[in-house]
Each structure stands twice: as structure tokens, then as C-alpha cells.
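Student: Next up is a structure, given as C-alpha cells.
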2 protein chains.
Amino acid sequence: MSDCASCAVRNRAICSGLDPDELAELGQMGRRQQIKAGHTLLWEGDDVPLVANVLRGVLKLVVASSAGREQIVGVVFPSDFIGRPFGEESPYSVTAITDAEVCIYNRNSFDAFASTHPHLQQKLLHRTLDELDRARYWMMLLGRKSASERVASFLLDISDRLSAQGGEADAEAFELPFGRQQIADILGLTIETTCRQLTRMRSDGLLDLPSRRTVVIHDRRAMERMAG
Amino acid sequence: MSDCASCAVRNRAICSGLDPDELAELGQMGRRQQIKAGHTLLWEGDDVPLVANVLRGVLKLVVASSAGREQIVGVVFPSDFIGRPFGEESPYSVTAITDAEVCIYNRNSFDAFASTHPHLQQKLLHRTLDELDRARYWMMLLGRKSASERVASFLLDISDRLSAQGGEADAEAFELPFGRQQIADILGLTIETTCRQLTRMRSDGLLDLPSRRTVVIHDRRAMERMAG
DNA sequence: CGCTGCTTTGATTCGTATCAATAGCAGTGG
DNA sequence: CCACTGCTATTGATACGAATCAAAGCAGCG
């Protein structure tokens with residue numbers, strides 16, 4: 001079981017707002033697990049009977065085409081929920097892109113618990129609706145935006161999500177949890193195109209790239225214009 | 001109020017499975033509305049306080065980029081649910097692409113009803129999870145598939161959804177509810193590219209296009225291969 | 001019959017992918 | 001501490017697929 005009292009995300013994850021006894025019951029069902037960067041928790045197409053909360057780290061949701069091309073269809077941060085409740089098989093893989101820690105539940109037990117705890121189900125519904133909105137916005141980006149618009153949109157989005165996570169003091173300077181290939185897989189581009197766009201933005205003075213993973217936005221206004 | 005007893009989708013929409021008295025209460029809140037093809041029910045960004053069930057017809061969910069390019073992020077059929085419960089503004093427009101009829105609820109009343117009826121909320125959650133899976137698969141299509149793969153995937157998907165609707169006797173011959181521009185807006189392509197792919201598929205013997213909106217799939221196996 | 005709007009086909013341009021090579025950083029072991 | 005190795009990132013040259021621009025074809029409708 002998990003020790004919910006010491007949980008880093010207990011006020012933000014779906015568990016928040018549960019009664020103490022409900023929390024105890026759910027806590028009985030969960031167990032913590034460490035995942036090393038690069039390791040995969042769920043495989044696309046597998047019937048993996050688990051769901052989880054992210055306690056620490058960043059993970060990606062990946063759908064692969066039959067030709068082996070990969071598209072990242074979601075990125076989850078601490079307090080986010082992982083998995084496909086009320087479903088047979090996972091429609092995507094879930095892989096840690098940094099070292100991570102998750103709180104795992106058996107899916108059937110979780111489903112049963114959710115079905116009998118409307119509070120929790122409502123939280124899950126709200127989260128799923130938010131995810132759906134995000135996915136649909138991303139569909140527009142993937143279907144209709146140019147490479148430069150995509151990269152600008154990505155940087156603004158990540159900057160927002162990282163500061164919402166509260167880690168970064170300054171929304172304009174942040175550490176990407178992604179390598180270039182992963183950014184490309186999020187944006188539906190190649191690594192070369194992604195790279196060229198970043199280089200151009202740097203030479204245009206929009207941003208600085210002090211190290212591989214560090215971004216400093218100089219002109220957010222211009223970047224918003226570029227994001228389209 | 002709506003007459004649920006005569007409702008064409010009462011066994012398939014989220015209302016199914018409600019007790020008779022719950023159904024009566026929900027029925028009190030709903031009213032039917034006709035929508036002509038081309039008319040818009042919800043505007044992107046507006047705070048439109050309504051949600052709805054589709055009774056008849058087909059509608060599209062559209063997100064526009066600031067440059068005016070349109071991406072269709074969802075297509076809804078009879079028994080599907082429309083709108084953004086528990087949210088302020090609609091993240092997309094909803095426009096009828098055929099003449100349609102919907103059963104409309106005030107969003108606040110619906111939210112309140114859903115919050116007190118776990119059964120309904122669970123149905124809504126299941127639907128939303130399914131929509132999310134579909135959206136994520138579509139993200140992969142938009143980010144990673146070529147024009148021919150997209151068109152093939154689209155035809156297979158629509159064929160499936162139409163036969164699931166039960167209207168068509170033959171899954172291989174069906175009537176598209178979309179014009180070419182709309183197909184292009186679903187696939188993140190231009191109308192010309194969409195057209196050329198269809199023409200090529202016809203000359204390759206994969207399908208026939210007896211009229212503008214009619215598709216007859218001749219070689220489903222080959223089309224599945226082409227869909228990637 | 002002749003509009004009108006949608007669709008198809010053609011010619012060309014442009015953006016991004018691909019292919020190829022180099023550069024730079026991080027970790028390893030001498 | 002530095003050479004070595006492997007991996008990630010960057011830059012360059014070219015190819016290719018889809019967009020764009022332009023025009024013609026075709027169906028539905030007054």
C-alpha cells in the first residue's frame with residue numbers, strides 16, 4: 001500500500017477531496033513504483049490491467065504507425081493520471097522520459113472503486129474532458145500549423161505547464177524534460193526541422209538556448225505571434 | 001420538454017439506462033431543436049451554456065487557427081453527445097453538415113443533474129474516454145501519415161462508423177455525409193490533394209466513386225494496407 | 001438553358017523530409 | 001586530466017510530397 005499522507009501530489013491528484021476513510025481504502029489498493037528514464041510502463045495494444053498516478057517525473061504517451069513512425073499523443077506530469085480505466089487494452093504506450101515514480105492501481109479494483117465513488121469519478125471525468133480539449137487543440141496544430149508555428153506553440157505550452165507545476169520560478173527560463181527527437185515526435189516533425197526552427201528563433205533573438213535542454217524566452221509577444 | 005419515449009436514440013444515447021423517473025426529470029430539461037445543414041450551434045470561444053444529444057444528422061467540431069485555416073477535430077452522429085460539460089467556453093465550433101436534430105439541455109442544469117446521478121456521469125465518462133482514444137489516434141494520423149494513408153484510414157473509419165450507425169446494409173458501399181473540402185479539413189490536407197488521392201485509388205481499382213458522395217470499396221484488404 | 005458552386009485536373013512552387021557529414025557534449029577508462 | 005567512444009544535436013545539399021495557383025469539367029437548380 002501507499003502512504004497517502006506523505007504523497008507529494010495528494011492535493012492535486014484525483015485522490016484529492018476524498019474522505020479520510022475513502023483515502024485509506026484507495027491507499028490500500030495502490031503501490032508505489034519507480035521507473036527509470038526510458039523504461040516503458042504500458043505497451044500499446046497490450047491488455048495491461050493497471051492505472052496510475054504520477055508522483056514524480058515526466059512520461060510520454062506514444063502511438064506508433066505500422067511503418068514505425070512515432071507520434072507522442074500526450075505528456076504527463078506529477079499529479080496527472082495514467083491509463084485507460086474501463087477499457088481492455090491500452091491504445092498507446094506509456095514511457096518515462098525522466099526518472100519517475102508512480103502510484104499504481106489494479107485497473108479492475110480501481111474501476112470498481114470509481115464506480116462506487118461518484119466524487120472520484122467526477123474528478124476523473126473533469127480530467128478526461130480537459131485532456132480531450134488539449135488533444136483536439138493539438139489535432140489542429142498537427143493538421144494545420146507550419147513547422148515554425150508548431151515549435152513556437154510548443155515552447156509556450158511547455159512553459160505554461162512547467163510553471164503550473166510550480167517548479168520554475170521564472171516562466172521565461174526553463175529546463176525541457178525532452179530531447180530534440182521527442183520534441184519532433186510531439187510536433188509531428190523531424191528532428192532536423194525542429195532543430196532548424198530553434199536555431200532560427202535564436203538568431204532572430206526570440207530566445208536563447210544556453211544548453212541542450214535549457215530555453216530562455218526573450219520575446220514572448222513575438223513568440224505568441226509566431227505560434228499563429 | 002422532450003418526449004423521450006419517442007426518441008430515436010433513447011437506447012443508445014447517454015440517457016439510456018436511466019430509471020423512468022430519472023428519465024422524466026431529464027426529459028423535462030431537454031428541448032428538441034432542428035438545425036439546417038451549414039448552421040452553427042456553438043461558436044469556438046463563446047460561452048454557450050448548453051450541451052446536447054444528437055438525434056438525427058451529422059455535425060462537425062471545428063478548431064480554426066488564427067490564420068483562418070480550419071481543422072475538423074471531431075464528427076458526431078446520432079446518439080453522440082455534444083458540448084463541454086463542466087467548462088466555461090466551447091473550445092471548438094459545432095456546425096451541422098447535414099440537416100440535423102438535437103436534444104438540448106441547459107449546461108448548468110445538466111451539470112447539476114449529472115453531478116447527482118452517478119449513472120449518467122459514468123456514461124459520460126465512458127464516452128469521453130472513447131473520444132479521447134479516437135482523438136489520440138487521429139493525432140498520430142495527422143502528425144505521421146502521408147496523404148494516401150490518411151485518405152485510406154478515413155474511408156475505413158467512416159465505413160465502420162456508418163455501419164455501426166446501422167443505416168447501411170453493406171459496409172463496402174456507403175454515402176459520405178461530407179463534401180471534399182470537409183474531408184480535407186478532417187485529414188489536414190487540401191481539397192486538391194484529397195481529390196487526387198481518391199482519383200488514384202479509383203484508377204488503382206481500390207474503389208469506385210459512382211457519384212460525388214458515394215464510395216464503393218472494392219478491395220478492403222488493399223485499403224487496409226494502404227492505411228498503414 | 002445558363003447560372004452557381006463543387007470537383008477534378010494540370011503546372012508550378014514551396015516547405016519539410018531525407019540523406020549525409022560534422023560538431024559538441026557526457027560518460028568511461030587509461 | 002585527457003583521449004576515446006557513443007550519443008545527441010546541428011548544419012548542409014538535395015529530393016519529394018503536398019500546397020498553391022489556375023483553369024476546366026460537371027452536377028444541381030432556378
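Labels used: A, B, ... for chains in the order of the C-alpha cells, numbers from 1 for residues in each chain, and numbers from 1 for ligands as shown.
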Taking only C-alpha atoms into account, which residues of chain B are within 8 Å of chain A, as an NGL selection string?

Tutor: :B and (63-67 or 69-73 or 84 or 86 or 91 or 115 or 118 or 121-122 or 124-126 or 128-129 or 131-133 or 135-140 or 142-145 or 187-189 or 228)

Student: Suppose we keep N, CA, C and O atoms; can you now write the selection as a compact mmCIF listing (two decimals), in the first residue's frame?

Tutor:
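The resulting result13.txt:
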```txt
# COMPACT_ATOMS: atom_id res chain seq x y z
N VAL B 63 -11.90 23.48 -35.04
CA VAL B 63 -10.99 24.45 -34.43
C VAL B 63 -10.31 25.21 -35.56
O VAL B 63 -9.81 24.60 -36.51
N ALA B 64 -10.30 26.53 -35.47
CA ALA B 64 -9.66 27.33 -36.51
C ALA B 64 -8.36 27.91 -35.97
O ALA B 64 -8.27 28.30 -34.81
N SER B 65 -7.32 27.93 -36.83
CA SER B 65 -6.10 28.63 -36.44
C SER B 65 -6.33 30.12 -36.65
O SER B 65 -7.27 30.52 -37.33
N SER B 66 -5.46 30.91 -36.04
CA SER B 66 -5.65 32.36 -36.17
C SER B 66 -5.52 32.78 -37.63
O SER B 66 -6.05 33.81 -38.04
N ALA B 67 -4.85 31.96 -38.45
CA ALA B 67 -4.71 32.30 -39.86
C ALA B 67 -5.97 31.90 -40.65
O ALA B 67 -6.01 32.06 -41.86
N ARG B 69 -7.19 28.88 -41.04
CA ARG B 69 -7.24 27.50 -41.52
C ARG B 69 -8.09 26.68 -40.56
O ARG B 69 -8.00 26.85 -39.34
N GLU B 70 -8.89 25.79 -41.11
CA GLU B 70 -9.80 25.02 -40.27
C GLU B 70 -9.37 23.57 -40.15
O GLU B 70 -8.94 22.96 -41.12
N GLN B 71 -9.52 23.05 -38.96
CA GLN B 71 -9.30 21.62 -38.74
C GLN B 71 -10.53 21.05 -38.07
O GLN B 71 -10.96 21.56 -37.03
N ILE B 72 -11.09 20.03 -38.67
CA ILE B 72 -12.21 19.33 -38.04
C ILE B 72 -11.62 18.37 -37.00
O ILE B 72 -10.81 17.52 -37.33
N VAL B 73 -12.00 18.54 -35.73
CA VAL B 73 -11.42 17.74 -34.66
C VAL B 73 -12.37 16.66 -34.16
O VAL B 73 -12.04 15.91 -33.25
N ARG B 84 -19.47 20.92 -23.93
CA ARG B 84 -18.41 20.86 -22.95
C ARG B 84 -18.99 21.01 -21.56
O ARG B 84 -19.07 22.12 -21.02
N PHE B 86 -19.20 21.04 -17.57
CA PHE B 86 -18.23 21.46 -16.55
C PHE B 86 -17.14 22.35 -17.12
O PHE B 86 -15.99 22.30 -16.68
N PRO B 91 -14.36 24.99 -26.67
CA PRO B 91 -13.06 25.09 -27.34
C PRO B 91 -13.15 24.89 -28.85
O PRO B 91 -12.13 24.93 -29.52
N SER B 115 -24.07 15.62 -11.78
CA SER B 115 -23.35 15.52 -10.51
C SER B 115 -24.11 14.70 -9.49
O SER B 115 -23.53 14.11 -8.58
N PRO B 118 -24.80 9.48 -10.62
CA PRO B 118 -23.55 8.80 -10.98
C PRO B 118 -23.67 7.93 -12.23
O PRO B 118 -22.72 7.84 -13.01
N GLN B 121 -23.23 10.12 -15.12
CA GLN B 121 -21.86 10.60 -15.15
C GLN B 121 -20.90 9.52 -15.64
O GLN B 121 -19.97 9.80 -16.39
N GLN B 122 -21.19 8.30 -15.25
CA GLN B 122 -20.34 7.21 -15.70
C GLN B 122 -20.45 7.01 -17.21
O GLN B 122 -19.44 6.81 -17.89
N LEU B 124 -21.14 9.30 -19.33
CA LEU B 124 -20.45 10.44 -19.92
C LEU B 124 -18.94 10.21 -19.88
O LEU B 124 -18.21 10.49 -20.84
N LEU B 125 -18.47 9.65 -18.77
CA LEU B 125 -17.04 9.36 -18.64
C LEU B 125 -16.59 8.34 -19.68
O LEU B 125 -15.57 8.53 -20.35
N HIS B 126 -17.37 7.27 -19.84
CA HIS B 126 -17.00 6.25 -20.82
C HIS B 126 -16.93 6.84 -22.22
O HIS B 126 -15.99 6.59 -22.98
N THR B 128 -16.42 9.95 -23.02
CA THR B 128 -15.32 10.90 -23.13
C THR B 128 -13.99 10.17 -23.28
O THR B 128 -13.12 10.58 -24.05
N LEU B 129 -13.84 9.06 -22.55
CA LEU B 129 -12.62 8.25 -22.68
C LEU B 129 -12.51 7.69 -24.10
O LEU B 129 -11.42 7.69 -24.69
N GLU B 131 -13.79 9.01 -26.83
CA GLU B 131 -13.49 10.14 -27.70
C GLU B 131 -12.01 10.51 -27.62
O GLU B 131 -11.38 10.86 -28.61
N LEU B 132 -11.48 10.44 -26.40
CA LEU B 132 -10.06 10.76 -26.20
C LEU B 132 -9.18 9.77 -26.95
O LEU B 132 -8.21 10.16 -27.62
N ASP B 133 -9.53 8.49 -26.88
CA ASP B 133 -8.76 7.48 -27.62
C ASP B 133 -8.80 7.79 -29.11
O ASP B 133 -7.79 7.73 -29.81
N ALA B 135 -9.38 10.67 -30.56
CA ALA B 135 -8.64 11.91 -30.85
C ALA B 135 -7.14 11.62 -30.90
O ALA B 135 -6.42 12.13 -31.76
N ARG B 136 -6.67 10.78 -30.00
CA ARG B 136 -5.23 10.50 -29.96
C ARG B 136 -4.80 9.68 -31.16
O ARG B 136 -3.72 9.90 -31.72
N TYR B 137 -5.63 8.74 -31.59
CA TYR B 137 -5.29 8.03 -32.82
C TYR B 137 -5.22 9.02 -33.98
O TYR B 137 -4.32 8.95 -34.83
N TRP B 138 -6.15 9.97 -33.98
CA TRP B 138 -6.17 10.94 -35.07
C TRP B 138 -4.96 11.86 -35.03
O TRP B 138 -4.46 12.31 -36.06
N MET B 139 -4.44 12.10 -33.83
CA MET B 139 -3.20 12.88 -33.72
C MET B 139 -2.06 12.17 -34.44
O MET B 139 -1.26 12.80 -35.14
N MET B 140 -2.00 10.86 -34.29
CA MET B 140 -0.94 10.11 -34.99
C MET B 140 -1.13 10.23 -36.49
O MET B 140 -0.18 10.48 -37.23
N LEU B 142 -2.53 12.64 -38.14
CA LEU B 142 -2.23 14.00 -38.60
C LEU B 142 -0.74 14.30 -38.51
O LEU B 142 -0.20 15.07 -39.31
N GLY B 143 -0.07 13.69 -37.54
CA GLY B 143 1.35 14.00 -37.37
C GLY B 143 2.25 13.15 -38.23
O GLY B 143 3.33 13.59 -38.63
N ARG B 144 1.83 11.93 -38.54
CA ARG B 144 2.79 10.99 -39.12
C ARG B 144 2.38 10.29 -40.40
O ARG B 144 3.20 9.58 -40.99
N LYS B 145 1.12 10.42 -40.84
CA LYS B 145 0.73 9.65 -42.02
C LYS B 145 0.78 10.51 -43.29
O LYS B 145 0.55 11.71 -43.26
N LEU B 187 -8.69 15.61 -42.57
CA LEU B 187 -7.41 14.94 -42.77
C LEU B 187 -6.21 15.87 -42.72
O LEU B 187 -5.06 15.43 -42.84
N GLY B 188 -6.45 17.16 -42.54
CA GLY B 188 -5.33 18.10 -42.53
C GLY B 188 -4.65 18.22 -43.88
O GLY B 188 -3.44 18.39 -43.98
N LEU B 189 -5.44 18.10 -44.95
CA LEU B 189 -4.92 18.21 -46.31
C LEU B 189 -5.65 19.34 -47.03
O LEU B 189 -6.55 19.95 -46.49
N GLY B 228 -1.80 1.99 -43.62
CA GLY B 228 -0.54 1.99 -42.87
C GLY B 228 -0.72 1.56 -41.43
O GLY B 228 -1.80 1.51 -40.89
```

Student: Give me, as JSON lines, each residue of chain D that comes within 12 Å of chain A, together with its shortest interatomic pair and the distance in Å at one decimal, counting only C-alpha atoms (C1' of nucleotides), with rows ordered by chain and rising residue number.

Tutor:
```
{"residue": "D:DC7", "atom": "C1'", "partner": "A:Gly179", "partner_atom": "CA", "distance": 11.7}
{"residue": "D:DT8", "atom": "C1'", "partner": "A:Gly179", "partner_atom": "CA", "distance": 8.2}
{"residue": "D:DA9", "atom": "C1'", "partner": "A:Arg180", "partner_atom": "CA", "distance": 7.7}
{"residue": "D:DT10", "atom": "C1'", "partner": "A:Cys195", "partner_atom": "CA", "distance": 7.2}
{"residue": "D:DT11", "atom": "C1'", "partner": "A:Arg196", "partner_atom": "CA", "distance": 8.6}
{"residue": "D:DG12", "atom": "C1'", "partner": "A:Glu192", "partner_atom": "CA", "distance": 11.2}
{"residue": "D:DA19", "atom": "C1'", "partner": "A:Arg144", "partner_atom": "CA", "distance": 11.8}
```

Student: Quick one: residues within 12 Å of DA24 in chain D, only C-alpha atoms (C1' of nucleotides) counted, chain neighbours fewer than 5 positions away excluded, as a PDB file with all heavy atoms, in the first residue's frame?

Tutor:
```pdb
ATOM      1  P    DT C   7     -17.445  18.825 -53.279  1.00  0.00           P
ATOM      2  OP1  DT C   7     -18.064  17.572 -52.806  1.00  0.00           O
ATOM      3  OP2  DT C   7     -16.504  19.581 -52.437  1.00  0.00           O
ATOM      4  O5'  DT C   7     -16.729  18.508 -54.664  1.00  0.00           O
ATOM      5  C5'  DT C   7     -17.468  17.830 -55.689  1.00  0.00           C
ATOM      6  C4'  DT C   7     -16.581  17.640 -56.895  1.00  0.00           C
ATOM      7  O4'  DT C   7     -16.251  18.923 -57.480  1.00  0.00           O
ATOM      8  C3'  DT C   7     -15.238  16.950 -56.619  1.00  0.00           C
ATOM      9  O3'  DT C   7     -15.238  15.772 -57.414  1.00  0.00           O
ATOM     10  C2'  DT C   7     -14.183  17.969 -57.033  1.00  0.00           C
ATOM     11  C1'  DT C   7     -14.958  18.850 -58.005  1.00  0.00           C
ATOM     12  N1   DT C   7     -14.513  20.268 -58.172  1.00  0.00           N
ATOM     13  C2   DT C   7     -14.117  20.691 -59.416  1.00  0.00           C
ATOM     14  O2   DT C   7     -14.086  19.963 -60.394  1.00  0.00           O
ATOM     15  N3   DT C   7     -13.750  22.014 -59.482  1.00  0.00           N
ATOM     16  C4   DT C   7     -13.742  22.928 -58.448  1.00  0.00           C
ATOM     17  O4   DT C   7     -13.398  24.091 -58.641  1.00  0.00           O
ATOM     18  C5   DT C   7     -14.177  22.425 -57.176  1.00  0.00           C
ATOM     19  C7   DT C   7     -14.207  23.332 -55.988  1.00  0.00           C
ATOM     20  C6   DT C   7     -14.536  21.133 -57.091  1.00  0.00           C
ATOM     21  P    DT C   8     -14.104  14.673 -57.270  1.00  0.00           P
ATOM     22  OP1  DT C   8     -14.699  13.361 -57.567  1.00  0.00           O
ATOM     23  OP2  DT C   8     -13.372  14.902 -56.018  1.00  0.00           O
ATOM     24  O5'  DT C   8     -13.172  15.063 -58.500  1.00  0.00           O
ATOM     25  C5'  DT C   8     -13.693  14.980 -59.825  1.00  0.00           C
ATOM     26  C4'  DT C   8     -12.730  15.625 -60.789  1.00  0.00           C
ATOM     27  O4'  DT C   8     -12.602  17.021 -60.482  1.00  0.00           O
ATOM     28  C3'  DT C   8     -11.309  15.060 -60.774  1.00  0.00           C
ATOM     29  O3'  DT C   8     -11.114  14.409 -62.023  1.00  0.00           O
ATOM     30  C2'  DT C   8     -10.405  16.275 -60.577  1.00  0.00           C
ATOM     31  C1'  DT C   8     -11.337  17.430 -60.930  1.00  0.00           C
ATOM     32  N1   DT C   8     -11.053  18.726 -60.263  1.00  0.00           N
ATOM     33  C2   DT C   8     -10.751  19.831 -61.032  1.00  0.00           C
ATOM     34  O2   DT C   8     -10.673  19.795 -62.245  1.00  0.00           O
ATOM     35  N3   DT C   8     -10.541  20.981 -60.319  1.00  0.00           N
ATOM     36  C4   DT C   8     -10.599  21.138 -58.941  1.00  0.00           C
ATOM     37  O4   DT C   8     -10.391  22.231 -58.421  1.00  0.00           O
ATOM     38  C5   DT C   8     -10.923  19.950 -58.200  1.00  0.00           C
ATOM     39  C7   DT C   8     -11.010  20.008 -56.704  1.00  0.00           C
ATOM     40  C6   DT C   8     -11.133  18.809 -58.886  1.00  0.00           C
ATOM     41  P    DT C   9      -9.845  13.511 -62.312  1.00  0.00           P
ATOM     42  OP1  DT C   9     -10.218  12.534 -63.345  1.00  0.00           O
ATOM     43  OP2  DT C   9      -9.272  13.075 -61.028  1.00  0.00           O
ATOM     44  O5'  DT C   9      -8.850  14.572 -62.964  1.00  0.00           O
ATOM     45  C5'  DT C   9      -9.206  15.213 -64.193  1.00  0.00           C
ATOM     46  C4'  DT C   9      -8.216  16.312 -64.506  1.00  0.00           C
ATOM     47  O4'  DT C   9      -8.375  17.405 -63.579  1.00  0.00           O
ATOM     48  C3'  DT C   9      -6.748  15.903 -64.440  1.00  0.00           C
ATOM     49  O3'  DT C   9      -6.198  16.043 -65.746  1.00  0.00           O
ATOM     50  C2'  DT C   9      -6.121  16.879 -63.447  1.00  0.00           C
ATOM     51  C1'  DT C   9      -7.119  18.032 -63.454  1.00  0.00           C
ATOM     52  N1   DT C   9      -7.164  18.846 -62.214  1.00  0.00           N
ATOM     53  C2   DT C   9      -7.041  20.209 -62.292  1.00  0.00           C
ATOM     54  O2   DT C   9      -6.884  20.808 -63.331  1.00  0.00           O
ATOM     55  N3   DT C   9      -7.117  20.863 -61.088  1.00  0.00           N
ATOM     56  C4   DT C   9      -7.296  20.295 -59.841  1.00  0.00           C
ATOM     57  O4   DT C   9      -7.348  20.984 -58.827  1.00  0.00           O
ATOM     58  C5   DT C   9      -7.412  18.855 -59.824  1.00  0.00           C
ATOM     59  C7   DT C   9      -7.594  18.130 -58.533  1.00  0.00           C
ATOM     60  C6   DT C   9      -7.346  18.196 -61.001  1.00  0.00           C
ATOM     61  P    DG C  10      -4.681  15.712 -66.078  1.00  0.00           P
ATOM     62  OP1  DG C  10      -4.624  15.286 -67.493  1.00  0.00           O
ATOM     63  OP2  DG C  10      -4.125  14.861 -65.006  1.00  0.00           O
ATOM     64  O5'  DG C  10      -4.000  17.148 -65.957  1.00  0.00           O
ATOM     65  C5'  DG C  10      -4.439  18.214 -66.803  1.00  0.00           C
ATOM     66  C4'  DG C  10      -3.557  19.433 -66.568  1.00  0.00           C
ATOM     67  O4'  DG C  10      -3.957  20.071 -65.330  1.00  0.00           O
ATOM     68  C3'  DG C  10      -2.062  19.127 -66.430  1.00  0.00           C
ATOM     69  O3'  DG C  10      -1.349  20.018 -67.285  1.00  0.00           O
ATOM     70  C2'  DG C  10      -1.763  19.393 -64.962  1.00  0.00           C
ATOM     71  C1'  DG C  10      -2.801  20.461 -64.623  1.00  0.00           C
ATOM     72  N9   DG C  10      -3.153  20.546 -63.209  1.00  0.00           N
ATOM     73  C8   DG C  10      -3.615  19.535 -62.397  1.00  0.00           C
ATOM     74  N7   DG C  10      -3.864  19.929 -61.176  1.00  0.00           N
ATOM     75  C5   DG C  10      -3.548  21.286 -61.187  1.00  0.00           C
ATOM     76  C6   DG C  10      -3.611  22.250 -60.148  1.00  0.00           C
ATOM     77  O6   DG C  10      -3.985  22.094 -58.977  1.00  0.00           O
ATOM     78  N1   DG C  10      -3.191  23.509 -60.585  1.00  0.00           N
ATOM     79  C2   DG C  10      -2.767  23.794 -61.848  1.00  0.00           C
ATOM     80  N2   DG C  10      -2.402  25.056 -62.093  1.00  0.00           N
ATOM     81  N3   DG C  10      -2.707  22.904 -62.839  1.00  0.00           N
ATOM     82  C4   DG C  10      -3.107  21.673 -62.429  1.00  0.00           C
TER      83       DG C  10
END
```

Student: To one decimal place, how far is C1' of DA21 in chain C from CA of Pro210 in chain A in Å?

Tutor: 24.5 Å

Student: In Å, how far is it from C1' of DC1 in chain C to C1' of DG30 in chain D?

Tutor: 10.5 Å

Student: Please extract the residues of range 108-223 of chain B with a backbone DSSP assignment of alpha helix (DSSP H) and present them as a PyMOL selection string.

Tutor: chain B and resi 108-115+118-144+147-165+180-187+191-203+220-223

Student: Sorted by chain and rising residue number, list the residues of chain C at most 9 Å from chain A (counting only C-alpha atoms (C1' of nucleotides)), each with its closest atom pair and distance in Å to one decimal, as CSV.

Tutor:
```
residue,atom,partner,partner_atom,distance
C:DG15,C1',A:Ser146,CA,8.6
C:DT16,C1',A:Thr193,CA,7.1
C:DA17,C1',A:Thr190,CA,7.3
```

Student: Mind giving me the straight-line distance from CA of Thr95 in chain B to CA of Leu59 in chain B in Å, one decimal?

Tutor: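 Rounded to one decimal, the two atoms are 5.4 Å apart.
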
Student: So that I can see what lies close to Cys15 in chain A, please list as a PyMOL selection string the residues with an atom at most 12 Å from it, counting only C-alpha atoms (C1' of nucleotides) and leaving out residues fewer than 2 positions away in the same chain.

Tutor: chain A and resi 4-5+7-13+17-27+30+52-55+79-81+103+110+113-114+117+119-124

Student: Could you write those residues out with C-alpha atoms, as a compact mmCIF listing (two decimals), in the first residue's frame?

Tutor:
```txt
# COMPACT_ATOMS: atom_id res chain seq x y z
CA CYS A 4 -1.01 8.82 1.06
CA ALA A 5 -0.20 11.18 3.91
CA CYS A 7 2.25 11.80 -1.05
CA ALA A 8 3.73 14.72 -2.97
CA VAL A 9 0.63 15.13 -5.13
CA ARG A 10 -2.10 14.32 -2.64
CA ASN A 11 -3.67 17.75 -3.01
CA ARG A 12 -3.58 17.81 -6.79
CA ALA A 13 -4.15 14.24 -8.00
CA GLY A 17 -11.08 15.63 -1.96
CA LEU A 18 -11.70 12.09 -0.81
CA ASP A 19 -12.83 11.44 2.76
CA PRO A 20 -10.15 10.11 5.08
CA ASP A 21 -11.70 6.65 5.05
CA GLU A 22 -12.08 6.63 1.28
CA LEU A 23 -8.47 7.73 1.01
CA ALA A 24 -7.44 4.90 3.29
CA GLU A 25 -9.34 2.39 1.15
CA LEU A 26 -7.81 3.68 -2.07
CA GLY A 27 -4.39 3.85 -0.42
CA GLY A 30 -2.11 1.47 -4.51
CA ALA A 52 -1.64 5.04 -12.04
CA ASN A 53 -0.98 8.50 -10.71
CA VAL A 54 2.26 10.26 -11.49
CA LEU A 55 4.10 11.27 -8.33
CA SER A 79 -0.42 14.63 -10.30
CA ASP A 80 -1.60 13.54 -13.76
CA PHE A 81 -3.42 10.28 -14.28
CA CYS A 103 1.33 5.12 -7.71
CA PHE A 110 -9.80 0.97 -9.48
CA PHE A 113 -13.80 1.82 -6.61
CA ALA A 114 -14.53 4.61 -9.07
CA HIS A 117 -17.36 6.74 -5.51
CA HIS A 119 -16.63 12.03 -6.26
CA LEU A 120 -13.64 10.27 -7.71
CA GLN A 121 -15.45 9.55 -10.92
CA GLN A 122 -16.30 13.19 -11.30
CA LYS A 123 -12.65 14.18 -10.86
CA LEU A 124 -11.70 11.62 -13.48
```

Student: Within 10 Å of Gly205 in chain A, counting only C-alpha atoms (C1' of nucleotides), which residues qualify if same-chain residues fewer than 5 places away don't, as a list of chain:residue names?

Tutor: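 Using only C-alpha atoms (C1' of nucleotides), the neighbours found are A:Thr199, A:Arg200, A:Ile217, A:His218, A:Asp219, A:Ala222.
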
Student: Where in range 149-220 of chain B does DSSP assign strand (DSSP E), given as a short mmCIF file (atom, residue, chain, number, x, y, z; two decimals) with C-alpha atoms, in the first residue's frame?

Tutor:
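The new file selection09.cif reads:
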```
data_model
loop_
_atom_site.label_atom_id
_atom_site.label_comp_id
_atom_site.auth_asym_id
_atom_site.auth_seq_id
_atom_site.Cartn_x
_atom_site.Cartn_y
_atom_site.Cartn_z
CA ALA B 173 -20.85 0.84 -50.28
CA PHE B 174 -21.84 3.98 -48.46
CA GLU B 175 -22.87 7.57 -48.78
CA LEU B 207 -12.77 1.72 -55.02
CA ASP B 208 -15.47 3.27 -57.15
CA THR B 214 -20.88 7.69 -52.88
CA VAL B 215 -17.98 5.37 -52.19
CA VAL B 216 -17.79 1.67 -53.03
CA ILE B 217 -14.78 -0.09 -51.60
#
```

Student: Here is a test: counting only C-alpha atoms, which residue of B:Thr40, B:Thr98, B:Ser16, B:Asn106 is nearest to Phe178 in chain B?

Tutor: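 Ranked by minimum distance to Phe178 in chain B, first place goes to B:Thr98.
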